[in-house]
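**Student:** Contents of entry.cif (mmCIF, C-alpha atoms) are given next:
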```cif
data_protein
#
loop_
_atom_site.label_atom_id
_atom_site.label_comp_id
_atom_site.auth_asym_id
_atom_site.auth_seq_id
_atom_site.Cartn_x
_atom_site.Cartn_y
_atom_site.Cartn_z
CA MET A 1 6.27 7.25 23.57
CA ALA A 2 5.96 3.95 21.75
CA SER A 3 8.92 1.65 21.49
CA PHE A 4 9.34 -1.72 19.90
CA ASP A 5 11.72 -4.40 21.14
CA ALA A 6 13.74 -7.07 19.35
CA ASP A 7 11.16 -9.79 20.08
CA PHE A 8 8.39 -7.70 18.50
CA ARG A 9 10.53 -6.93 15.46
CA GLU A 10 11.31 -10.62 15.00
CA THR A 11 7.62 -11.53 15.07
CA LEU A 12 6.86 -8.61 12.75
CA THR A 13 9.38 -10.05 10.29
CA THR A 14 7.54 -13.37 10.49
CA LEU A 15 4.26 -11.55 9.84
CA PHE A 16 5.66 -9.82 6.74
CA ALA A 17 7.12 -13.09 5.45
CA TRP A 18 3.99 -15.15 6.17
CA ARG A 19 1.44 -12.65 4.94
CA ARG A 20 0.94 -14.46 1.62
CA ASP A 21 -1.81 -14.18 -0.91
CA VAL A 22 -4.29 -16.91 0.08
CA ARG A 23 -6.46 -18.58 -2.58
CA ARG A 24 -7.51 -21.70 -0.69
CA PHE A 25 -10.04 -20.94 2.03
CA ARG A 26 -12.08 -22.92 4.51
CA THR A 27 -15.74 -22.01 4.19
CA ASP A 28 -16.38 -21.44 7.93
CA PRO A 29 -17.67 -17.97 8.69
CA VAL A 30 -15.50 -15.17 10.03
CA ASP A 31 -16.60 -13.72 13.35
CA GLU A 32 -18.01 -10.19 12.90
CA THR A 33 -16.00 -8.73 15.77
CA LEU A 34 -12.78 -10.13 14.34
CA LEU A 35 -13.48 -8.73 10.88
CA GLN A 36 -14.40 -5.32 12.27
CA ARG A 37 -11.24 -5.31 14.41
CA CYS A 38 -9.06 -5.82 11.32
CA LEU A 39 -10.96 -3.13 9.42
CA ASP A 40 -10.55 -0.69 12.32
CA LEU A 41 -6.80 -1.28 12.21
CA ALA A 42 -6.80 -0.49 8.48
CA ALA A 43 -8.31 2.90 9.34
CA PHE A 44 -4.92 3.79 10.89
CA SER A 45 -3.37 3.79 7.40
CA PRO A 46 -1.74 6.89 5.99
CA SER A 47 -3.72 8.95 3.49
CA VAL A 48 -2.85 11.99 1.45
CA GLY A 49 -4.02 15.15 3.24
CA ASN A 50 -5.69 12.80 5.77
CA SER A 51 -8.35 12.27 3.10
CA GLN A 52 -9.23 8.73 4.27
CA PRO A 53 -10.70 7.94 0.83
CA TRP A 54 -11.05 4.17 1.45
CA ARG A 55 -14.56 2.66 1.15
CA PHE A 56 -14.85 -1.00 2.17
CA VAL A 57 -17.87 -2.87 0.80
CA ARG A 58 -18.77 -6.37 1.98
CA VAL A 59 -20.39 -8.37 -0.79
CA SER A 60 -22.82 -10.91 0.70
CA ASP A 61 -25.64 -11.00 -1.83
CA ALA A 62 -25.47 -14.29 -3.74
CA ASP A 63 -26.35 -12.77 -7.13
CA ARG A 64 -23.74 -10.06 -6.76
CA ARG A 65 -21.10 -12.59 -5.75
CA ALA A 66 -22.02 -14.72 -8.75
CA ALA A 67 -21.65 -11.69 -11.06
CA VAL A 68 -18.17 -11.00 -9.67
CA ILE A 69 -17.19 -14.64 -10.14
CA ALA A 70 -18.50 -14.49 -13.74
CA SER A 71 -16.33 -11.41 -14.37
CA PHE A 72 -13.29 -13.25 -12.98
CA GLU A 73 -13.99 -16.25 -15.20
CA ARG A 74 -14.31 -14.13 -18.34
CA CYS A 75 -11.07 -12.26 -17.58
CA ASN A 76 -9.22 -15.41 -16.59
CA ALA A 77 -10.21 -17.21 -19.80
CA ALA A 78 -9.10 -14.20 -21.88
CA ALA A 79 -5.80 -14.04 -19.98
CA ALA A 80 -5.14 -17.74 -20.62
CA GLU A 81 -5.77 -17.19 -24.36
CA ALA A 82 -3.08 -14.51 -24.43
CA TYR A 83 -0.37 -16.99 -23.40
CA GLN A 84 1.20 -19.52 -25.76
CA ALA A 85 1.87 -23.26 -25.49
CA GLU A 86 3.48 -24.35 -22.21
CA GLN A 87 2.96 -21.00 -20.54
CA ARG A 88 -0.77 -21.28 -21.21
CA GLU A 89 -0.80 -24.77 -19.72
CA ALA A 90 1.07 -23.47 -16.66
CA TYR A 91 -1.36 -20.55 -16.34
CA VAL A 92 -4.51 -22.65 -16.42
CA ARG A 93 -3.11 -24.96 -13.73
CA LEU A 94 -2.72 -22.04 -11.29
CA LYS A 95 -5.42 -21.34 -8.73
CA LEU A 96 -5.68 -17.57 -8.89
CA ALA A 97 -8.66 -16.80 -6.70
CA GLY A 98 -10.67 -18.26 -3.83
CA LEU A 99 -13.88 -16.43 -4.73
CA ARG A 100 -16.14 -19.49 -4.44
CA GLU A 101 -14.94 -20.66 -1.04
CA ALA A 102 -14.02 -17.47 0.81
CA PRO A 103 -16.75 -16.61 3.32
CA VAL A 104 -16.07 -12.86 3.06
CA HIS A 105 -15.71 -10.78 -0.09
CA LEU A 106 -14.55 -7.18 0.36
CA ALA A 107 -14.53 -4.75 -2.54
CA VAL A 108 -12.31 -1.78 -1.72
CA PHE A 109 -12.96 1.50 -3.49
CA CYS A 110 -11.41 4.94 -3.65
CA ASP A 111 -13.84 7.83 -3.37
CA GLU A 112 -12.34 10.07 -6.03
CA ALA A 113 -14.85 12.82 -5.23
CA THR A 114 -14.07 13.16 -1.54
CA VAL A 115 -13.44 16.68 -0.24
CA THR A 116 -11.91 15.34 2.96
CA GLY A 117 -8.32 16.59 3.11
CA HIS A 118 -9.21 19.63 0.95
CA GLY A 119 -7.08 18.37 -1.94
CA LEU A 120 -3.84 18.69 0.03
CA GLY A 121 -0.94 16.75 -1.47
CA ARG A 122 -2.64 15.61 -4.65
CA ALA A 123 -2.48 18.51 -7.08
CA THR A 124 0.51 17.15 -9.00
CA MET A 125 0.00 13.46 -8.12
CA PRO A 126 -3.77 12.84 -8.13
CA GLU A 127 -3.09 9.10 -7.99
CA MET A 128 -2.13 9.64 -4.32
CA LEU A 129 -5.80 9.22 -3.42
CA ARG A 130 -5.86 5.68 -4.82
CA TYR A 131 -2.42 4.95 -3.32
CA SER A 132 -3.86 5.87 0.10
CA VAL A 133 -6.47 3.15 -0.39
CA VAL A 134 -3.73 0.66 -1.30
CA THR A 135 -1.94 1.34 2.01
CA ALA A 136 -5.22 0.55 3.79
CA VAL A 137 -5.44 -2.76 1.91
CA GLN A 138 -1.90 -3.70 2.97
CA THR A 139 -2.60 -2.70 6.59
CA PHE A 140 -5.82 -4.75 6.60
CA TRP A 141 -3.92 -7.69 5.12
CA LEU A 142 -1.26 -7.62 7.84
CA ALA A 143 -3.89 -7.15 10.57
CA ALA A 144 -5.96 -10.06 9.23
CA ARG A 145 -2.90 -12.32 9.10
CA ALA A 146 -1.97 -11.42 12.69
CA HIS A 147 -5.48 -12.56 13.66
CA GLY A 148 -5.15 -15.89 11.81
CA LEU A 149 -7.17 -14.87 8.75
CA GLY A 150 -6.00 -15.19 5.15
CA VAL A 151 -6.51 -12.61 2.43
CA GLY A 152 -6.31 -12.94 -1.34
CA TRP A 153 -6.26 -9.92 -3.68
CA VAL A 154 -8.10 -10.62 -6.94
CA SER A 155 -7.29 -8.28 -9.84
CA ILE A 156 -8.44 -10.51 -12.71
CA LEU A 157 -11.73 -8.61 -12.88
CA GLU A 158 -13.43 -5.93 -14.97
CA PRO A 159 -13.48 -2.90 -12.64
CA GLY A 160 -16.42 -1.31 -14.46
CA ALA A 161 -18.52 -4.48 -14.20
CA VAL A 162 -17.75 -4.78 -10.48
CA CYS A 163 -18.74 -1.15 -9.82
CA LYS A 164 -22.01 -1.68 -11.70
CA THR A 165 -22.74 -5.00 -9.96
CA LEU A 166 -22.20 -3.42 -6.55
CA ASP A 167 -24.17 -0.27 -7.38
CA VAL A 168 -21.62 2.14 -5.88
CA PRO A 169 -21.39 5.89 -6.65
CA CYS A 170 -19.81 6.51 -10.05
CA ALA A 171 -17.00 8.55 -8.46
CA TRP A 172 -15.76 5.45 -6.65
CA SER A 173 -13.03 3.50 -8.41
CA LEU A 174 -12.27 -0.12 -7.64
CA VAL A 175 -8.83 -0.52 -6.08
CA ALA A 176 -8.99 -4.08 -4.76
CA TYR A 177 -11.28 -7.07 -4.48
CA LEU A 178 -10.36 -9.19 -1.46
CA CYS A 179 -11.26 -12.73 -0.48
CA VAL A 180 -11.10 -13.17 3.29
CA GLY A 181 -11.35 -16.31 5.41
CA PHE A 182 -9.35 -18.94 7.25
CA PRO A 183 -6.66 -20.56 5.08
CA VAL A 184 -6.85 -24.27 4.27
CA GLU A 185 -3.07 -24.57 4.42
CA GLU A 186 -0.10 -22.46 5.45
CA HIS A 187 2.97 -21.87 3.32
CA GLU A 188 6.15 -19.88 3.70
CA ASP A 189 6.58 -19.44 -0.06
CA PRO A 190 4.18 -17.67 -2.42
CA GLU A 191 1.89 -19.89 -4.48
CA LEU A 192 3.38 -18.50 -7.73
CA VAL A 193 6.88 -19.49 -6.56
CA ARG A 194 5.74 -22.95 -5.44
CA HIS A 195 4.10 -23.64 -8.79
CA GLY A 196 7.03 -22.36 -10.83
CA TRP A 197 5.41 -19.25 -12.33
CA GLN A 198 7.75 -16.61 -10.94
CA GLN A 199 10.62 -16.85 -8.44
CA ARG A 200 11.77 -14.14 -6.04
CA LEU A 201 14.27 -11.83 -7.75
CA ALA A 202 16.56 -11.57 -4.73
CA SER A 203 16.50 -12.41 -1.04
CA GLY A 204 16.44 -8.69 -0.16
CA MET A 205 16.04 -5.24 -1.70
CA THR A 206 18.64 -3.79 -4.05
CA LEU A 207 19.25 -0.13 -3.22
CA ILE A 208 20.08 2.00 -6.26
CA GLU A 209 22.27 5.07 -5.66
CA ARG A 210 21.94 8.52 -7.23
CA MET B 1 3.30 -22.61 11.15
CA ALA B 2 3.38 -18.99 12.27
CA SER B 3 1.09 -17.82 15.02
CA PHE B 4 0.68 -14.46 16.64
CA ASP B 5 -0.36 -13.93 20.25
CA ALA B 6 -2.40 -11.22 21.96
CA ASP B 7 0.71 -9.36 23.15
CA PHE B 8 2.05 -9.16 19.61
CA ARG B 9 -1.29 -7.98 18.26
CA GLU B 10 -1.46 -5.26 20.90
CA THR B 11 2.00 -3.97 19.96
CA LEU B 12 1.11 -4.23 16.27
CA THR B 13 -1.90 -2.01 16.96
CA THR B 14 0.45 0.51 18.59
CA LEU B 15 2.70 0.33 15.54
CA PHE B 16 -0.20 1.01 13.16
CA ALA B 17 -1.42 3.89 15.33
CA TRP B 18 2.04 5.43 15.83
CA ARG B 19 3.29 5.05 12.28
CA ARG B 20 2.64 8.70 11.43
CA ASP B 21 3.92 10.80 8.57
CA VAL B 22 7.05 12.47 9.97
CA ARG B 23 8.14 15.88 8.68
CA ARG B 24 10.49 16.93 11.50
CA PHE B 25 13.74 14.99 11.42
CA ARG B 26 16.99 15.02 13.32
CA THR B 27 19.91 15.31 10.92
CA ASP B 28 21.98 12.45 12.39
CA PRO B 29 22.77 9.76 9.84
CA VAL B 30 20.90 6.47 9.61
CA ASP B 31 23.03 3.37 10.01
CA GLU B 32 23.40 1.51 6.69
CA THR B 33 22.58 -1.88 8.20
CA LEU B 34 19.39 -0.52 9.74
CA LEU B 35 18.24 1.05 6.48
CA GLN B 36 18.99 -2.11 4.51
CA ARG B 37 17.14 -4.20 7.09
CA CYS B 38 13.98 -2.11 6.62
CA LEU B 39 14.33 -2.30 2.83
CA ASP B 40 14.75 -6.08 2.97
CA LEU B 41 11.50 -6.30 4.94
CA ALA B 42 9.75 -4.24 2.25
CA ALA B 43 10.80 -6.90 -0.26
CA PHE B 44 8.30 -9.26 1.46
CA SER B 45 5.43 -7.13 0.15
CA PRO B 46 2.79 -8.60 -2.13
CA SER B 47 3.07 -7.90 -5.84
CA VAL B 48 0.83 -8.76 -8.75
CA GLY B 49 2.03 -11.97 -10.43
CA ASN B 50 5.05 -11.79 -8.07
CA SER B 51 6.35 -9.05 -10.39
CA GLN B 52 8.31 -7.25 -7.63
CA PRO B 53 8.27 -4.01 -9.68
CA TRP B 54 9.58 -1.77 -6.86
CA ARG B 55 12.81 0.14 -7.50
CA PHE B 56 14.21 2.01 -4.49
CA VAL B 57 16.64 4.84 -5.27
CA ARG B 58 18.62 6.61 -2.53
CA VAL B 59 19.25 10.25 -3.45
CA SER B 60 22.51 11.43 -1.87
CA ASP B 61 23.92 13.79 -4.48
CA ALA B 62 23.58 17.38 -3.23
CA ASP B 63 22.61 18.86 -6.61
CA ARG B 64 19.94 16.22 -7.13
CA ARG B 65 18.52 16.75 -3.65
CA ALA B 66 18.44 20.50 -4.29
CA ALA B 67 16.54 19.94 -7.56
CA VAL B 68 13.95 17.82 -5.75
CA ILE B 69 13.57 20.49 -3.05
CA ALA B 70 13.13 23.12 -5.77
CA SER B 71 10.36 21.02 -7.34
CA PHE B 72 8.65 20.75 -3.94
CA GLU B 73 8.86 24.51 -3.42
CA ARG B 74 7.38 25.27 -6.85
CA CYS B 75 4.49 22.85 -6.31
CA ASN B 76 3.90 23.98 -2.74
CA ALA B 77 3.73 27.65 -3.76
CA ALA B 78 1.28 26.79 -6.56
CA ALA B 79 -0.84 24.73 -4.16
CA ALA B 80 -1.00 27.61 -1.67
CA GLU B 81 -2.17 29.94 -4.46
CA ALA B 82 -5.07 27.64 -5.21
CA TYR B 83 -6.55 28.10 -1.71
CA GLN B 84 -8.47 31.19 -0.64
CA ALA B 85 -8.22 33.47 2.41
CA GLU B 86 -8.02 31.63 5.76
CA GLN B 87 -7.49 28.24 4.14
CA ARG B 88 -4.45 29.62 2.34
CA GLU B 89 -3.08 31.00 5.62
CA ALA B 90 -3.65 27.63 7.28
CA TYR B 91 -1.93 25.85 4.37
CA VAL B 92 1.21 27.95 4.43
CA ARG B 93 1.58 27.42 8.19
CA LEU B 94 1.74 23.63 7.72
CA LYS B 95 5.09 21.89 7.52
CA LEU B 96 4.53 19.43 4.69
CA ALA B 97 7.96 17.93 4.12
CA GLY B 98 11.24 17.33 5.91
CA LEU B 99 13.35 17.31 2.73
CA ARG B 100 16.05 19.67 4.05
CA GLU B 101 16.68 17.87 7.33
CA ALA B 102 16.05 14.20 6.57
CA PRO B 103 19.37 12.37 6.22
CA VAL B 104 17.95 9.83 3.76
CA HIS B 105 15.86 10.52 0.66
CA LEU B 106 14.35 7.50 -1.08
CA ALA B 107 12.62 7.83 -4.43
CA VAL B 108 10.44 4.80 -5.07
CA PHE B 109 9.62 3.88 -8.64
CA CYS B 110 7.53 1.31 -10.47
CA ASP B 111 9.24 -0.42 -13.37
CA GLU B 112 6.34 -0.40 -15.82
CA ALA B 113 8.35 -2.40 -18.35
CA THR B 114 9.21 -5.35 -16.13
CA VAL B 115 8.55 -8.79 -17.57
CA THR B 116 8.83 -10.39 -14.14
CA GLY B 117 5.49 -12.03 -13.38
CA HIS B 118 4.77 -12.46 -17.11
CA GLY B 119 1.88 -10.00 -16.98
CA LEU B 120 -0.19 -12.20 -14.67
CA GLY B 121 -3.02 -10.36 -12.91
CA ARG B 122 -2.68 -7.05 -14.67
CA ALA B 123 -4.42 -7.41 -18.03
CA THR B 124 -7.62 -5.69 -16.88
CA MET B 125 -6.09 -3.64 -14.03
CA PRO B 126 -2.65 -2.50 -15.23
CA GLU B 127 -2.46 -0.13 -12.25
CA MET B 128 -1.83 -3.24 -10.11
CA LEU B 129 1.86 -2.89 -10.89
CA ARG B 130 2.00 0.55 -9.24
CA TYR B 131 -0.24 -0.65 -6.41
CA SER B 132 2.32 -3.38 -5.71
CA VAL B 133 4.93 -0.66 -5.22
CA VAL B 134 2.61 1.16 -2.81
CA THR B 135 2.32 -1.95 -0.63
CA ALA B 136 6.13 -2.01 -0.47
CA VAL B 137 6.15 1.62 0.67
CA GLN B 138 3.68 0.87 3.46
CA THR B 139 5.66 -2.21 4.52
CA PHE B 140 8.89 -0.19 4.57
CA TRP B 141 7.14 2.51 6.59
CA LEU B 142 5.96 0.06 9.26
CA ALA B 143 9.37 -1.66 9.36
CA ALA B 144 11.16 1.67 9.72
CA ARG B 145 8.86 2.75 12.55
CA ALA B 146 9.41 -0.55 14.38
CA HIS B 147 13.13 0.23 14.22
CA GLY B 148 12.70 3.76 15.62
CA LEU B 149 12.94 5.56 12.28
CA GLY B 150 10.44 8.08 10.95
CA VAL B 151 9.21 8.27 7.36
CA GLY B 152 7.46 11.10 5.52
CA TRP B 153 5.85 10.63 2.10
CA VAL B 154 6.19 13.73 -0.09
CA SER B 155 3.76 13.97 -3.02
CA ILE B 156 3.96 17.74 -3.61
CA LEU B 157 6.41 17.18 -6.45
CA GLU B 158 6.49 17.10 -10.25
CA PRO B 159 6.97 13.39 -11.04
CA GLY B 160 8.46 14.12 -14.48
CA ALA B 161 11.03 16.53 -13.04
CA VAL B 162 12.03 14.00 -10.35
CA CYS B 163 12.48 11.22 -12.94
CA LYS B 164 14.65 13.52 -15.05
CA THR B 165 16.68 14.74 -12.07
CA LEU B 166 17.38 11.19 -10.98
CA ASP B 167 18.14 9.94 -14.50
CA VAL B 168 16.09 6.76 -14.21
CA PRO B 169 14.85 4.65 -17.16
CA CYS B 170 11.87 6.28 -18.86
CA ALA B 171 9.69 3.24 -18.16
CA TRP B 172 9.97 3.88 -14.42
CA SER B 173 7.17 5.93 -12.90
CA LEU B 174 7.53 7.75 -9.60
CA VAL B 175 5.26 6.28 -6.94
CA ALA B 176 6.64 7.86 -3.76
CA TYR B 177 9.36 10.16 -2.51
CA LEU B 178 10.26 9.36 1.08
CA CYS B 179 12.16 11.31 3.72
CA VAL B 180 13.72 8.94 6.27
CA GLY B 181 15.47 9.69 9.55
CA PHE B 182 15.01 9.84 13.30
CA PRO B 183 12.01 11.96 14.36
CA VAL B 184 12.55 15.12 16.40
CA GLU B 185 9.33 14.49 18.31
CA GLU B 186 6.74 11.75 18.72
CA HIS B 187 3.00 12.23 18.43
CA GLU B 188 0.00 9.98 18.63
CA ASP B 189 -2.09 12.23 16.36
CA PRO B 190 -1.33 13.08 12.73
CA GLU B 191 0.21 16.49 12.10
CA LEU B 192 -2.77 17.51 9.92
CA VAL B 193 -5.15 16.71 12.80
CA ARG B 194 -3.01 18.56 15.38
CA HIS B 195 -2.88 21.67 13.23
CA GLY B 196 -6.59 21.65 12.43
CA TRP B 197 -6.41 20.85 8.69
CA GLN B 198 -8.37 17.61 8.65
CA GLN B 199 -9.78 15.49 11.50
CA ARG B 200 -10.27 11.73 11.46
CA LEU B 201 -13.65 10.83 9.97
CA ALA B 202 -14.41 8.11 12.50
CA SER B 203 -12.60 6.13 15.16
CA GLY B 204 -12.90 2.97 13.07
CA MET B 205 -13.87 1.73 9.62
CA THR B 206 -17.45 1.85 8.38
CA LEU B 207 -18.34 -1.36 6.58
CA ILE B 208 -20.79 -0.88 3.69
CA GLU B 209 -23.05 -3.84 2.85
CA ARG B 210 -24.10 -5.09 -0.58
#
```
Please re-express this file's structure in structure tokens.
**Tutor:**
Amino acid sequence: MASFDADFRETLTTLFAWRRDVRRFRTDPVDETLLQRCLDLAAFSPSVGNSQPWRFVRVSDADRRAAVIASFERCNAAAAEAYQAEQREAYVRLKLAGLREAPVHLAVFCDEATVTGHGLGRATMPEMLRYSVVTAVQTFWLAARAHGLGVGWVSILEPGAVCKTLDVPCAWSLVAYLCVGFPVEEHEDPELVRHGWQQRLASGMTLIER
Amino acid sequence: MASFDADFRETLTTLFAWRRDVRRFRTDPVDETLLQRCLDLAAFSPSVGNSQPWRFVRVSDADRRAAVIASFERCNAAAAEAYQAEQREAYVRLKLAGLREAPVHLAVFCDEATVTGHGLGRATMPEMLRYSVVTAVQTFWLAARAHGLGVGWVSILEPGAVCKTLDVPCAWSLVAYLCVGFPVEEHEDPELVRHGWQQRLASGMTLIER
């Protein structure tokens, strides 16, 4: 039987607190064994009906990476336009993705057509399939951080354009696009807190009673 | 700067592998401080634009718990009906929730109307708000396990009925319903593997190249 001691729990707390969304990457390559190790740990994630619907795609082709970056730039420009005055100025000063520098791009899809799991647990909440993929992203993120890697989740993208660019089956939906690499700098606070966009709401979790 | 050594990574691997969805709970109460500690750790989860849209609701009222159990039983009966012959027999033999025994029920919602984060990162992928809540569920799950608690995620429910039963704002959507308590037994393999419903697809993660 597994047990976890106080020292482990303390370091786990540090891992949760230091996980951070990284947008500033060194360009040095990530060792294949290290990347695969973190991916293998993500495969321990929970999934509805044990459906394991996660599909991890590494994007190495230069043209495909350029198309993803172009999608980000279109979306980011449109997002900036939607803000007014000072908020727009604050938005454009933020660095929201490390797509150009990150040595590894991972597009993470949900295979909506999978029969694995035989539909168990998703009749009334079909979104559980995509949520299972999200748990794998969070597990990968924590595993990567524990191995010294940084991860940034980019959502300022057109999912349809990314699916087309990567030529994946049409039943796959894009859940996450991750930049992976070694961080340029380490911070205890999130970048959006540090640059004044959005503070933490509270130091802990408010439990609501019913 | 945080760093993580080989011993920590080995125990983290054990934590990922032993996390498990627990459906068999002891009825002894969970200490308040312990529960709050695990919730506070979940508050370190990533969220789009730092929107922190997670809303954790503890369901203690007996009538409300009974209504949730009734929803589960309706959905579970309907799900069984949808399978044929031997698969139906296999389905009805599975224990899919520990709602009656688990001392703590947590309903986890996404506040779709939150202005925290000022919409950043979710113009083209509005589902990012709900995905942020899912990362908090997975973080809570890992934290709970590291503290000896078990967690089971119940998705065989009618989300609308649960929202109504719990009288939450109509802009909150149900992401997860969690049973929390001490496990009756410990297993290295998932319950759905042990009972022959669905095996693991592979021992690790297959990386697809583009």
**Student:** Please identify every residue of chain A that has at least one atom no more than 6 Å from any atom of chain B, counting all atoms listed in the file, and report them as a ChimeraX atom specification.
**Tutor:** /A:4,16-17,39-40,43-44,56-59,117,121,135,138,146,155-156,198,204-205,207-210
**Student:** Deliver the residues from the most recent selection as a file, using C-alpha atoms, as a PDB file, in the frame of the given file.
**Tutor:**
```
ATOM      1  CA  PHE A   4       9.340  -1.720  19.900  1.00  0.00           C
ATOM      2  CA  PHE A  16       5.660  -9.820   6.740  1.00  0.00           C
ATOM      3  CA  ALA A  17       7.120 -13.090   5.450  1.00  0.00           C
ATOM      4  CA  LEU A  39     -10.960  -3.130   9.420  1.00  0.00           C
ATOM      5  CA  ASP A  40     -10.550  -0.690  12.320  1.00  0.00           C
ATOM      6  CA  ALA A  43      -8.310   2.900   9.340  1.00  0.00           C
ATOM      7  CA  PHE A  44      -4.920   3.790  10.890  1.00  0.00           C
ATOM      8  CA  PHE A  56     -14.850  -1.000   2.170  1.00  0.00           C
ATOM      9  CA  VAL A  57     -17.870  -2.870   0.800  1.00  0.00           C
ATOM     10  CA  ARG A  58     -18.770  -6.370   1.980  1.00  0.00           C
ATOM     11  CA  VAL A  59     -20.390  -8.370  -0.790  1.00  0.00           C
ATOM     12  CA  GLY A 117      -8.320  16.590   3.110  1.00  0.00           C
ATOM     13  CA  GLY A 121      -0.940  16.750  -1.470  1.00  0.00           C
ATOM     14  CA  THR A 135      -1.940   1.340   2.010  1.00  0.00           C
ATOM     15  CA  GLN A 138      -1.900  -3.700   2.970  1.00  0.00           C
ATOM     16  CA  ALA A 146      -1.970 -11.420  12.690  1.00  0.00           C
ATOM     17  CA  SER A 155      -7.290  -8.280  -9.840  1.00  0.00           C
ATOM     18  CA  ILE A 156      -8.440 -10.510 -12.710  1.00  0.00           C
ATOM     19  CA  GLN A 198       7.750 -16.610 -10.940  1.00  0.00           C
ATOM     20  CA  GLY A 204      16.440  -8.690  -0.160  1.00  0.00           C
ATOM     21  CA  MET A 205      16.040  -5.240  -1.700  1.00  0.00           C
ATOM     22  CA  LEU A 207      19.250  -0.130  -3.220  1.00  0.00           C
ATOM     23  CA  ILE A 208      20.080   2.000  -6.260  1.00  0.00           C
ATOM     24  CA  GLU A 209      22.270   5.070  -5.660  1.00  0.00           C
ATOM     25  CA  ARG A 210      21.940   8.520  -7.230  1.00  0.00           C
TER      26      ARG A 210
END
```
**Student:** Work out how far apart CA of Leu129 in chain A and CA of Thr33 in chain A are and give it in Å to one decimal.
**Tutor:** 28.2 Å
**Student:** Can you tell me how far CA of Val108 in chain A sits from CA of Leu178 in chain A, in Å to one decimal?
**Tutor:**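 That distance, rounded to one decimal, is 7.7 Å.
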**Student:** Ranking A:Arg93, A:Glu112, A:Phe25, A:Ala161 by minimum distance to Cys179 in chain A and counting only C-alpha atoms, which one comes first?
**Tutor:** A:Phe25
**Student:** Would you compute the distance between CA of Phe182 in chain A and CA of Ile69 in chain A? Give it in Å to one decimal.
**Tutor:** 19.6 Å
**Student:** With the file shown as input, list the residues that the PyMOL selection byres ((chain A and resi 101) around 9) selects, as a list in words.
**Tutor:**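 Against this file, the PyMOL selection byres ((chain A and resi 101) around 9) returns the residues Arg23, Arg24, Phe25, Arg26, Thr27, Gly98, Leu99, Arg100, Ala102, Pro103, Val104, Cys179 and Gly181 of chain A.
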**Student:** Kindly provide, as JSON, the centre and edge lengths (Å, one decimal) of an axis-aligned box around all atoms of range 93-97 of chain B given in the file, with 6 Å on each side.
**Tutor:**
```
{"center_x": 4.8, "center_y": 22.7, "center_z": 6.2, "size_x": 18.4, "size_y": 21.5, "size_z": 16.1}
```
